[in-house]
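Notes to accompany the following structure.
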Amino acid sequence: MQKPVRTFSGSLVALVTPFTAAGGVDFDMLDRLVDFHLQNGTDGIVALGTTAETPTMTDEEKTAVAQRVIGRAGGKIPVIVGAGSNNTRHAAELARHYEGLGADGLLVVTPYYNKANKSGMRAHFETIAAATSLPIILYNVPGRTGCSISIDVLAELAKVPNIVGIKEASGDISYVAQCARLVGDSFCLLSGNDDSVVPLLSLGGSGVISVLANVAPRQTHDMVRSYLDGDTARARDLQLSLLPLINALFIETNPVPVKRAMEMIGFDCGACRLPLGPMDEKNAETLRRSLEVLK
């Protein structure tokens, strides 16, 4: 099976999950969010990732959110669904399930907590890939999971036909460079850090899975598109001008600031579920000031 060239590229939003005051999923707001991205140039939606507070959601809620986002997007842009777990069997079941719902791809995080060795890490992803025909993006975020995909394991996983890319969120540009050295045009190297999108693109990256894009979809799209179209100066300028907002969006644990920012721009997505608490008001004021870049 020949891999397609860069299955996913551009600005893919790591979509928040809106909740009602009573604590349930706010599906009307979810529709508004999808429409917002369709209208503002977002190149793809990633549902049920870290920013979506997926660990606090039931399997029934996750199914309902995936169905709603896939249906609302209507095939206009790809919808990638998070199917990660530290239980390999469960992750494989989720992969099959979301394929049945019509997802365009899957985001699969490294198996947190278990501390898999190299053979286990490789077998984990290979088992999930064998359970589905969907393209899979690996998700390397050691700050969240306590583990990382080693370069030699990544080299082997890149040979699996439907493992098509990696969301790289280690913050280690040397690791990114080693990833880029291993892969060609058939493998998507996606930034998982909004503060270093352009540096990753300069090493051959194809885009970003972005928290920033929740509040600045057009600007995030334009930053990536400018770089890919050869206007590296504009891409650099956008990256630097957005940096204060990016920093404010991570002034506390994600997605606490981004959900507050959504409220500030007119999309009340509700509070985060515990164990994430309310944002410190001094930090919220910093966030509010940083949003002025969008005016």
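Scheme for the structure tokens: letters A, B, ... for chains in order shown; per-chain residue numbers from 1; ligand numbers from 1 in order shown.
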Backbone-only DSSP, strand (DSSP E or B) members of region 27-124 of chain A, as a ChimeraX atom specification: /A:44-47,79-82,105-109
Just the residues within 8 Å of Cys188 (chain A), please, counting only C-alpha atoms, with nothing from its chain fewer than 2 positions along; format it as a list of chain:residue names. A:Arg6, A:Thr7, A:Phe8, A:Ser9, A:Val164, A:Gly165, A:Ile166, A:Asp185, A:Ser186, A:Leu190, A:Gly205, A:Ser206, A:Gly207
For Ile137 (chain A), the closest of A:His90, A:Arg181, A:Asp172, A:Ile80 counting only C-alpha atoms is A:Ile80
For Ala73 (chain A), which residue among A:Val25, A:Val176, A:Ile45, A:Ile265 is the nearest when counting only C-alpha atoms? A:Ile45
Please provide the set of residues having any atom within 12 Å of Gly24 (chain A), restricted to only C-alpha atoms, with same-chain residues fewer than 5 positions apart removed, written as a VMD selection string. chain A and resid 17 to 19 29 to 30 56 to 58 60 to 62 64 to 65 269 to 273
